[in-house]
Every structure is written in C-alpha cells, then in structure tokens.
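Visitor: Structure file target.pdb, PDB, C-alpha atoms and all ligand atoms, is pasted below:
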```
ATOM      1  CA  MET X   1     -38.939 137.531  33.049  1.00  0.00           C
ATOM      2  CA  ASN X   2     -39.945 133.934  32.626  1.00  0.00           C
ATOM      3  CA  GLU X   3     -41.329 134.057  29.124  1.00  0.00           C
ATOM      4  CA  LYS X   4     -42.177 130.779  27.464  1.00  0.00           C
ATOM      5  CA  LEU X   5     -41.589 130.760  23.729  1.00  0.00           C
ATOM      6  CA  PRO X   6     -44.117 129.115  21.427  1.00  0.00           C
ATOM      7  CA  LEU X   7     -41.463 126.741  20.194  1.00  0.00           C
ATOM      8  CA  SER X   8     -41.832 123.485  18.440  1.00  0.00           C
ATOM      9  CA  ILE X   9     -38.388 122.481  17.289  1.00  0.00           C
ATOM     10  CA  ARG X  10     -38.081 119.499  15.018  1.00  0.00           C
ATOM     11  CA  PRO X  11     -34.688 118.044  14.223  1.00  0.00           C
ATOM     12  CA  ILE X  12     -33.660 118.193  10.577  1.00  0.00           C
ATOM     13  CA  GLY X  13     -31.346 115.232  10.997  1.00  0.00           C
ATOM     14  CA  ARG X  14     -29.032 113.258  13.267  1.00  0.00           C
ATOM     15  CA  ALA X  15     -25.322 113.080  13.905  1.00  0.00           C
ATOM     16  CA  ARG X  16     -23.760 109.744  12.960  1.00  0.00           C
ATOM     17  CA  GLY X  17     -20.140 110.054  13.957  1.00  0.00           C
ATOM     18  CA  GLN X  18     -18.550 112.517  11.529  1.00  0.00           C
ATOM     19  CA  ARG X  19     -21.526 112.218   9.232  1.00  0.00           C
ATOM     20  CA  ILE X  20     -24.721 114.216   9.428  1.00  0.00           C
ATOM     21  CA  GLU X  21     -27.803 112.491   8.107  1.00  0.00           C
ATOM     22  CA  ILE X  22     -30.287 115.127   7.027  1.00  0.00           C
ATOM     23  CA  ASN X  23     -33.901 113.963   6.798  1.00  0.00           C
ATOM     24  CA  LYS X  24     -34.758 113.139   3.216  1.00  0.00           C
ATOM     25  CA  ARG X  25     -37.525 115.735   3.183  1.00  0.00           C
ATOM     26  CA  TRP X  26     -34.871 118.493   3.558  1.00  0.00           C
ATOM     27  CA  ARG X  27     -32.464 117.110   0.946  1.00  0.00           C
ATOM     28  CA  LYS X  28     -33.279 119.775  -1.611  1.00  0.00           C
ATOM     29  CA  ALA X  29     -32.530 122.483   0.928  1.00  0.00           C
ATOM     30  CA  LEU X  30     -28.907 121.272   1.006  1.00  0.00           C
ATOM     31  CA  GLN X  31     -28.344 122.184  -2.611  1.00  0.00           C
ATOM     32  CA  GLY X  32     -25.300 124.456  -2.874  1.00  0.00           C
ATOM     33  CA  ILE X  33     -23.968 123.760   0.622  1.00  0.00           C
ATOM     34  CA  GLU X  34     -21.025 121.849  -0.930  1.00  0.00           C
ATOM     35  CA  GLY X  35     -19.685 125.193  -2.181  1.00  0.00           C
ATOM     36  CA  PHE X  36     -18.680 126.025   1.383  1.00  0.00           C
ATOM     37  CA  SER X  37     -15.619 124.569   3.069  1.00  0.00           C
ATOM     38  CA  HIS X  38     -17.081 124.971   6.562  1.00  0.00           C
ATOM     39  CA  ILE X  39     -20.554 124.969   8.034  1.00  0.00           C
ATOM     40  CA  ILE X  40     -22.055 125.910  11.375  1.00  0.00           C
ATOM     41  CA  VAL X  41     -23.971 123.031  12.909  1.00  0.00           C
ATOM     42  CA  LEU X  42     -26.593 123.682  15.562  1.00  0.00           C
ATOM     43  CA  PHE X  43     -27.674 120.685  17.580  1.00  0.00           C
ATOM     44  CA  TRP X  44     -29.649 119.682  20.627  1.00  0.00           C
ATOM     45  CA  LEU X  45     -27.485 118.274  23.417  1.00  0.00           C
ATOM     46  CA  ASN X  46     -30.156 115.725  24.279  1.00  0.00           C
ATOM     47  CA  LYS X  47     -28.130 113.923  26.952  1.00  0.00           C
ATOM     48  CA  ALA X  48     -27.231 117.062  28.881  1.00  0.00           C
ATOM     49  CA  ARG X  49     -27.822 117.197  32.630  1.00  0.00           C
ATOM     50  CA  LYS X  50     -29.494 119.873  34.723  1.00  0.00           C
ATOM     51  CA  PRO X  51     -27.454 123.079  34.483  1.00  0.00           C
ATOM     52  CA  GLU X  52     -25.501 124.503  37.392  1.00  0.00           C
ATOM     53  CA  MET X  53     -25.119 128.265  37.668  1.00  0.00           C
ATOM     54  CA  MET X  54     -21.388 128.183  38.413  1.00  0.00           C
ATOM     55  CA  ILE X  55     -18.999 125.452  37.313  1.00  0.00           C
ATOM     56  CA  HIS X  56     -15.349 124.518  37.165  1.00  0.00           C
ATOM     57  CA  PRO X  57     -14.557 124.684  33.439  1.00  0.00           C
ATOM     58  CA  LYS X  58     -14.222 121.134  32.076  1.00  0.00           C
ATOM     59  CA  GLY X  59     -14.631 119.943  35.676  1.00  0.00           C
ATOM     60  CA  ILE X  60     -11.048 121.002  36.425  1.00  0.00           C
ATOM     61  CA  GLN X  61     -11.146 121.713  40.169  1.00  0.00           C
ATOM     62  CA  LYS X  62      -8.091 123.946  40.231  1.00  0.00           C
ATOM     63  CA  ILE X  63      -9.771 126.433  37.914  1.00  0.00           C
ATOM     64  CA  PRO X  64     -12.104 128.569  40.041  1.00  0.00           C
ATOM     65  CA  LYS X  65     -15.810 128.256  39.328  1.00  0.00           C
ATOM     66  CA  ILE X  66     -17.253 130.606  36.754  1.00  0.00           C
ATOM     67  CA  GLY X  67     -20.713 131.230  35.343  1.00  0.00           C
ATOM     68  CA  LEU X  68     -21.959 128.537  32.989  1.00  0.00           C
ATOM     69  CA  PHE X  69     -22.472 131.033  30.175  1.00  0.00           C
ATOM     70  CA  ALA X  70     -18.746 131.765  30.254  1.00  0.00           C
ATOM     71  CA  THR X  71     -18.108 128.136  29.298  1.00  0.00           C
ATOM     72  CA  ARG X  72     -19.003 125.704  26.530  1.00  0.00           C
ATOM     73  CA  THR X  73     -20.515 123.175  28.917  1.00  0.00           C
ATOM     74  CA  PRO X  74     -23.228 121.020  27.334  1.00  0.00           C
ATOM     75  CA  HIS X  75     -25.288 121.362  30.551  1.00  0.00           C
ATOM     76  CA  ARG X  76     -27.181 124.562  29.829  1.00  0.00           C
ATOM     77  CA  PRO X  77     -30.742 125.855  30.344  1.00  0.00           C
ATOM     78  CA  ASN X  78     -31.342 125.412  26.599  1.00  0.00           C
ATOM     79  CA  PRO X  79     -28.823 122.730  25.649  1.00  0.00           C
ATOM     80  CA  ILE X  80     -27.993 123.942  22.161  1.00  0.00           C
ATOM     81  CA  GLY X  81     -24.618 123.065  20.673  1.00  0.00           C
ATOM     82  CA  ALA X  82     -23.029 125.220  17.976  1.00  0.00           C
ATOM     83  CA  THR X  83     -19.931 123.948  16.207  1.00  0.00           C
ATOM     84  CA  VAL X  84     -18.071 125.054  13.113  1.00  0.00           C
ATOM     85  CA  VAL X  85     -17.059 121.952  11.176  1.00  0.00           C
ATOM     86  CA  LYS X  86     -15.215 121.246   7.982  1.00  0.00           C
ATOM     87  CA  LEU X  87     -17.517 120.044   5.234  1.00  0.00           C
ATOM     88  CA  VAL X  88     -15.594 117.289   3.485  1.00  0.00           C
ATOM     89  CA  ARG X  89     -18.308 116.339   1.021  1.00  0.00           C
ATOM     90  CA  ARG X  90     -21.992 115.981   0.490  1.00  0.00           C
ATOM     91  CA  TYR X  91     -23.615 112.887  -0.898  1.00  0.00           C
ATOM     92  CA  ASN X  92     -27.361 113.382  -1.349  1.00  0.00           C
ATOM     93  CA  ASN X  93     -28.706 114.004   2.138  1.00  0.00           C
ATOM     94  CA  LEU X  94     -25.453 113.042   3.864  1.00  0.00           C
ATOM     95  CA  LEU X  95     -22.888 115.576   4.983  1.00  0.00           C
ATOM     96  CA  TYR X  96     -19.436 114.200   5.720  1.00  0.00           C
ATOM     97  CA  VAL X  97     -17.752 116.526   8.184  1.00  0.00           C
ATOM     98  CA  GLN X  98     -14.710 116.847  10.404  1.00  0.00           C
ATOM     99  CA  GLY X  99     -14.773 118.359  13.851  1.00  0.00           C
ATOM    100  CA  LEU X 100     -18.303 117.588  14.979  1.00  0.00           C
ATOM    101  CA  ASP X 101     -18.369 117.170  18.773  1.00  0.00           C
ATOM    102  CA  ALA X 102     -21.884 115.718  18.976  1.00  0.00           C
ATOM    103  CA  TRP X 103     -22.523 112.159  20.068  1.00  0.00           C
ATOM    104  CA  ASP X 104     -24.030 109.607  17.768  1.00  0.00           C
ATOM    105  CA  GLY X 105     -27.769 110.179  17.411  1.00  0.00           C
ATOM    106  CA  THR X 106     -27.659 113.814  18.513  1.00  0.00           C
ATOM    107  CA  PRO X 107     -30.553 115.727  16.911  1.00  0.00           C
ATOM    108  CA  ILE X 108     -29.399 118.316  14.389  1.00  0.00           C
ATOM    109  CA  LEU X 109     -31.405 121.540  14.470  1.00  0.00           C
ATOM    110  CA  ASP X 110     -29.904 123.616  11.688  1.00  0.00           C
ATOM    111  CA  ILE X 111     -27.032 123.983   9.245  1.00  0.00           C
ATOM    112  CA  LYS X 112     -25.643 127.340   8.151  1.00  0.00           C
ATOM    113  CA  PRO X 113     -22.733 128.135   5.859  1.00  0.00           C
ATOM    114  CA  TYR X 114     -19.645 129.582   7.516  1.00  0.00           C
ATOM    115  CA  THR X 115     -18.841 132.930   5.955  1.00  0.00           C
ATOM    116  CA  LYS X 116     -16.479 135.835   6.378  1.00  0.00           C
ATOM    117  CA  ARG X 117     -18.943 137.407   8.774  1.00  0.00           C
ATOM    118  CA  GLU X 118     -18.035 134.820  11.441  1.00  0.00           C
ATOM    119  CA  ALA X 119     -14.281 135.082  10.967  1.00  0.00           C
ATOM    120  CA  ILE X 120     -13.050 137.195  13.848  1.00  0.00           C
ATOM    121  CA  LYS X 121      -9.346 137.881  13.593  1.00  0.00           C
ATOM    122  CA  SER X 122      -8.726 139.663  16.853  1.00  0.00           C
ATOM    123  CA  TYR X 123     -10.382 138.353  19.995  1.00  0.00           C
ATOM    124  CA  ARG X 124      -9.798 138.108  23.749  1.00  0.00           C
ATOM    125  CA  ILE X 125     -10.080 135.008  25.941  1.00  0.00           C
ATOM    126  CA  PRO X 126      -9.492 134.674  29.695  1.00  0.00           C
ATOM    127  CA  ARG X 127      -6.197 133.259  30.887  1.00  0.00           C
ATOM    128  CA  TRP X 128      -7.726 129.968  32.166  1.00  0.00           C
ATOM    129  CA  VAL X 129      -8.793 128.953  28.657  1.00  0.00           C
ATOM    130  CA  LYS X 130      -5.275 128.782  27.244  1.00  0.00           C
ATOM    131  CA  PRO X 131      -3.982 125.669  29.092  1.00  0.00           C
ATOM    132  CA  ILE X 132      -7.222 123.823  28.292  1.00  0.00           C
ATOM    133  CA  ASP X 133      -6.909 124.759  24.635  1.00  0.00           C
ATOM    134  CA  GLN X 134      -3.362 123.482  24.517  1.00  0.00           C
ATOM    135  CA  GLN X 135      -4.225 120.212  26.275  1.00  0.00           C
ATOM    136  CA  GLU X 136      -7.152 119.020  24.297  1.00  0.00           C
ATOM    137  CA  SER X 137      -7.509 118.188  20.686  1.00  0.00           C
ATOM    138  CA  ASP X 138     -10.291 120.655  20.156  1.00  0.00           C
ATOM    139  CA  PRO X 139     -11.965 119.735  16.865  1.00  0.00           C
ATOM    140  CA  LEU X 140     -12.565 123.397  16.170  1.00  0.00           C
ATOM    141  CA  ARG X 141      -8.863 124.101  16.238  1.00  0.00           C
ATOM    142  CA  LYS X 142      -7.911 120.909  14.461  1.00  0.00           C
ATOM    143  CA  TYR X 143     -10.076 121.563  11.455  1.00  0.00           C
ATOM    144  CA  ALA X 144     -10.123 125.334  11.537  1.00  0.00           C
ATOM    145  CA  SER X 145      -7.814 125.718   8.571  1.00  0.00           C
TER     146      SER X 145
HETATM  147  C1  LIG D 201     -18.890 120.958  25.416  1.00  0.00           C
HETATM  148  S1  LIG D 201     -20.209 120.596  24.257  1.00  0.00           S
HETATM  149  C2  LIG D 201     -19.881 121.899  23.096  1.00  0.00           C
HETATM  150  C3  LIG D 201     -20.643 121.781  21.837  1.00  0.00           C
HETATM  151  C4  LIG D 201     -20.351 122.924  20.858  1.00  0.00           C
HETATM  152  N1  LIG D 201     -18.971 122.896  20.373  1.00  0.00           N
HETATM  153  C5  LIG D 201     -20.640 124.246  21.504  1.00  0.00           C
HETATM  154  O1  LIG D 201     -19.711 124.910  21.911  1.00  0.00           O
HETATM  155  O2  LIG D 201     -21.804 124.625  21.604  1.00  0.00           O
HETATM  156  C6  LIG D 201     -19.553 119.236  23.418  1.00  0.00           C
HETATM  157  C7  LIG D 201     -19.409 118.051  24.337  1.00  0.00           C
HETATM  158  O3  LIG D 201     -20.700 117.683  24.796  1.00  0.00           O
HETATM  159  C8  LIG D 201     -20.802 116.288  24.907  1.00  0.00           C
HETATM  160  N2  LIG D 201     -21.924 115.876  24.043  1.00  0.00           N
HETATM  161  C9  LIG D 201     -21.925 115.561  22.733  1.00  0.00           C
HETATM  162  N3  LIG D 201     -23.139 115.239  22.309  1.00  0.00           N
HETATM  163  C10 LIG D 201     -23.954 115.355  23.370  1.00  0.00           C
HETATM  164  C11 LIG D 201     -25.349 115.157  23.563  1.00  0.00           C
HETATM  165  N4  LIG D 201     -26.148 114.765  22.586  1.00  0.00           N
HETATM  166  N5  LIG D 201     -25.852 115.382  24.813  1.00  0.00           N
HETATM  167  C12 LIG D 201     -25.046 115.763  25.818  1.00  0.00           C
HETATM  168  N6  LIG D 201     -23.720 115.966  25.694  1.00  0.00           N
HETATM  169  C13 LIG D 201     -23.169 115.760  24.495  1.00  0.00           C
HETATM  170  C14 LIG D 201     -19.484 115.703  24.452  1.00  0.00           C
HETATM  171  O4  LIG D 201     -18.723 115.473  25.619  1.00  0.00           O
HETATM  172  C15 LIG D 201     -18.871 116.829  23.640  1.00  0.00           C
HETATM  173  O5  LIG D 201     -17.472 116.796  23.654  1.00  0.00           O
END
```
Translate this file's structure into structure tokens.

Guide:
Amino acid sequence: MNEKLPLSIRPIGRARGQRIEINKRWRKALQGIEGFSHIIVLFWLNKARKPEMMIHPKGIQKIPKIGLFATRTPHRPNPIGATVVKLVRRYNNLLYVQGLDAWDGTPILDIKPYTKREAIKSYRIPRWVKPIDQQESDPLRKYAS
C-alpha cells in the first residue's frame, strides 16, 4: 500500500513562542475557544529530518532502539505534532498558551478543544519512559493541571 492522499494542507497560523497567531481569515472560527482551559494543537514539524525506522528514544544510547511510532520523535514520515496546551487567554486571533513544544514559526494545522473524551485516567507506558519523564520538564506534564 503506497496510497497518495489528495492532500493540500494549508496552515491556519504560526507558533510564536507561547503564542499562536491564527490567520486573520480564521479569527471568527475561534469564537468560543476561550471557554476551554486546554486545547489540542496540531502542527507541522517543518524542520524535521528524514525518519529512521528504529531509534534510541530522545537519542539516549543506553535505551535500546525501538520503532519510531513508539516514540514522540519529530522525525516521522508525516511530521505532524500534536500537543495538549493550556489556553491562558485569547485576544482576537491570538491564542496565548502554555506548554507548546513547537519552534517559532512552526505552521499550525488545526486547533481542537480538549474535552473529557481525551482524559484517560488509567494507562500503561513502557518502563523506559519513566526516567525520561522524570528528567525533563515536559510541558504536557507541567501544564496538565
Ligand atoms: C518531540 S516533538 C513532539 C511534538 C508533540 N508534543 C507530539 O508529541 O506530537 C517536539 C520537539 O520537536 C522539536 N521541534 C519543535 N518544532 C519543530 C519544528 N517545526 N520542526 C522540527 N522539530 C521541531 C523540538 O525539539 C520539540 O521539543
């Protein structure tokens, strides 16, 4: 299967630090988003490199290589980032957020409200993830509350 999708994806905005600038033409579509404390941001990891099938998570050599889809590496066949961020406030077409791990200028593809549907209370993660989680200041964890 090597299907090519008839895709023409146009960014709806850009990341500017912890601010998302939505194109003015989509401003009206943001109406009501401020009612949500968190949003899901989908973005295009435009500086990603060619993907490798198997990688050391976070480049940590002592962790054995695993399949790229078992990681959050930005270097993926379709380099789409998906991050839950805290929505601090909206001002017109600007969304002020906390926890966005996209570089300045990263194209934003979509915004969705975070709802109960995404809140999984009981989940399993492999053992190798735990030390990484403890080490880094993962914006998802930092702003999850
Ligand atoms: C590991 S990716 C994960 C993104 C998202 N949380 C996810 O899980 O889909 C996030 C990292 O990619 C890198 N990054 C951010 N913006 C990028 C961009 N536009 N192109 C390539 N890499 C980027 C940064 O090092 C950032 O910490």

Visitor: So what do you get for CA of Arg89 (chain X) versus CA of Ile33 (chain X), distance-wise?

Guide: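 It comes out at 9.3 Å.
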
Visitor: What is the atom C5 of ligand LIG 201 (chain D)-CA of Ala48 (chain X) distance in Å, reported with one decimal?

Guide: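 Interatomic distance, atom C5 of ligand LIG 201 (chain D) to CA of Ala48 (chain X): 12.2 Å.
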
Visitor: Quick one: 3 Å padding each side, axis-aligned, all listed atoms of ligand LIG 201 (chain D) - centre and edge lengths in Å to one decimal, as JSON?

Guide:
```
{"center_x": -21.8, "center_y": 119.8, "center_z": 23.1, "size_x": 14.7, "size_y": 16.1, "size_z": 11.4}
```

Visitor: Hey, which of X:Leu94, X:Met1, X:Ile20, X:Ala29 ends up closest to Phe43 (chain X)? Count all atoms listed in the file.

Guide: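 With all atoms listed in the file as the atom set, the closest residue is X:Ile20.
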
Visitor: Can you pull out every residue with an atom within 10 Å of ligand LIG 201 (chain D)? Use only C-alpha atoms and all ligand atoms and format it as a PyMOL selection string.

Guide: chain X and resi 14-15+40-49+57-58+71-76+79-85+99-108+138-140

Visitor: Could you give me, as a ChimeraX atom specification, the residues that have an atom at most 10 Å away from the point (-27.6, 121.9, 1.5) in the coordinates of the file, using only C-alpha atoms?

Guide: /X:22,26-36,90,92-95,111-113

Visitor: Write the residues of the selection above to a file with C-alpha atoms, as a PDB file, keeping the file's coordinate frame.

Guide:
```pdb
ATOM      1  CA  ILE X  22     -30.287 115.127   7.027  1.00  0.00           C
ATOM      2  CA  TRP X  26     -34.871 118.493   3.558  1.00  0.00           C
ATOM      3  CA  ARG X  27     -32.464 117.110   0.946  1.00  0.00           C
ATOM      4  CA  LYS X  28     -33.279 119.775  -1.611  1.00  0.00           C
ATOM      5  CA  ALA X  29     -32.530 122.483   0.928  1.00  0.00           C
ATOM      6  CA  LEU X  30     -28.907 121.272   1.006  1.00  0.00           C
ATOM      7  CA  GLN X  31     -28.344 122.184  -2.611  1.00  0.00           C
ATOM      8  CA  GLY X  32     -25.300 124.456  -2.874  1.00  0.00           C
ATOM      9  CA  ILE X  33     -23.968 123.760   0.622  1.00  0.00           C
ATOM     10  CA  GLU X  34     -21.025 121.849  -0.930  1.00  0.00           C
ATOM     11  CA  GLY X  35     -19.685 125.193  -2.181  1.00  0.00           C
ATOM     12  CA  PHE X  36     -18.680 126.025   1.383  1.00  0.00           C
ATOM     13  CA  ARG X  90     -21.992 115.981   0.490  1.00  0.00           C
ATOM     14  CA  ASN X  92     -27.361 113.382  -1.349  1.00  0.00           C
ATOM     15  CA  ASN X  93     -28.706 114.004   2.138  1.00  0.00           C
ATOM     16  CA  LEU X  94     -25.453 113.042   3.864  1.00  0.00           C
ATOM     17  CA  LEU X  95     -22.888 115.576   4.983  1.00  0.00           C
ATOM     18  CA  ILE X 111     -27.032 123.983   9.245  1.00  0.00           C
ATOM     19  CA  LYS X 112     -25.643 127.340   8.151  1.00  0.00           C
ATOM     20  CA  PRO X 113     -22.733 128.135   5.859  1.00  0.00           C
TER      21      PRO X 113
END
```

Visitor: Please, what distance in Å, to one decimal, runs between CA of Thr115 (chain X) and CA of Ile39 (chain X)?

Guide: 8.4 Å

Visitor: Out of X:Val97, X:Glu21, X:Ile12, X:His38, which residue has the shortest atom-to-atom distance to Lys116 (chain X) when counting only C-alpha atoms?

Guide: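 Nearest to Lys116 (chain X): X:His38.
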
Visitor: Produce region 49-94 of chain X of the given structure as output with C-alpha atoms, as a compact mmCIF listing (two decimals), in the first residue's frame.

Guide:
```
# COMPACT_ATOMS: atom_id res chain seq x y z
CA ARG X 49 14.71 15.30 9.32
CA LYS X 50 14.27 12.10 7.33
CA PRO X 51 12.71 9.46 9.59
CA GLU X 52 14.57 6.39 10.77
CA MET X 53 12.64 3.18 11.33
CA MET X 54 14.22 2.40 14.70
CA ILE X 55 15.64 4.98 17.10
CA HIS X 56 17.04 5.41 20.57
CA PRO X 57 14.32 7.40 22.36
CA LYS X 58 15.49 11.01 22.80
CA GLY X 59 18.82 9.87 21.34
CA ILE X 60 19.70 8.20 24.64
CA GLN X 61 22.09 5.43 23.58
CA LYS X 62 21.60 3.27 26.66
CA ILE X 63 17.92 2.84 25.86
CA PRO X 64 17.65 0.13 23.19
CA LYS X 65 16.33 1.20 19.81
CA ILE X 66 12.60 1.00 19.29
CA GLY X 67 10.25 1.71 16.40
CA LEU X 68 9.75 5.39 15.66
CA PHE X 69 5.99 5.11 16.11
CA ALA X 70 6.58 4.08 19.72
CA THR X 71 8.19 7.47 20.33
CA ARG X 72 7.31 11.15 20.05
CA THR X 73 10.23 11.92 17.77
CA PRO X 74 9.61 14.87 15.44
CA HIS X 75 11.31 12.92 12.61
CA ARG X 76 8.36 11.00 11.22
CA PRO X 77 7.05 10.04 7.76
CA ASN X 78 4.32 12.68 8.18
CA PRO X 79 5.85 15.11 10.66
CA ILE X 80 2.70 16.11 12.49
CA GLY X 81 2.97 17.33 16.07
CA ALA X 82 0.05 17.03 18.49
CA THR X 83 0.28 18.76 21.85
CA VAL X 84 -2.25 19.50 24.56
CA VAL X 85 -1.60 23.01 25.84
CA LYS X 86 -3.12 25.27 28.43
CA LEU X 87 -5.09 28.10 26.88
CA VAL X 88 -4.28 31.13 29.01
CA ARG X 89 -6.29 33.64 27.01
CA ARG X 90 -7.44 34.64 23.59
CA TYR X 91 -7.07 38.11 22.19
CA ASN X 92 -8.68 38.38 18.76
CA ASN X 93 -6.75 35.97 16.56
CA LEU X 94 -4.02 35.37 19.14
```
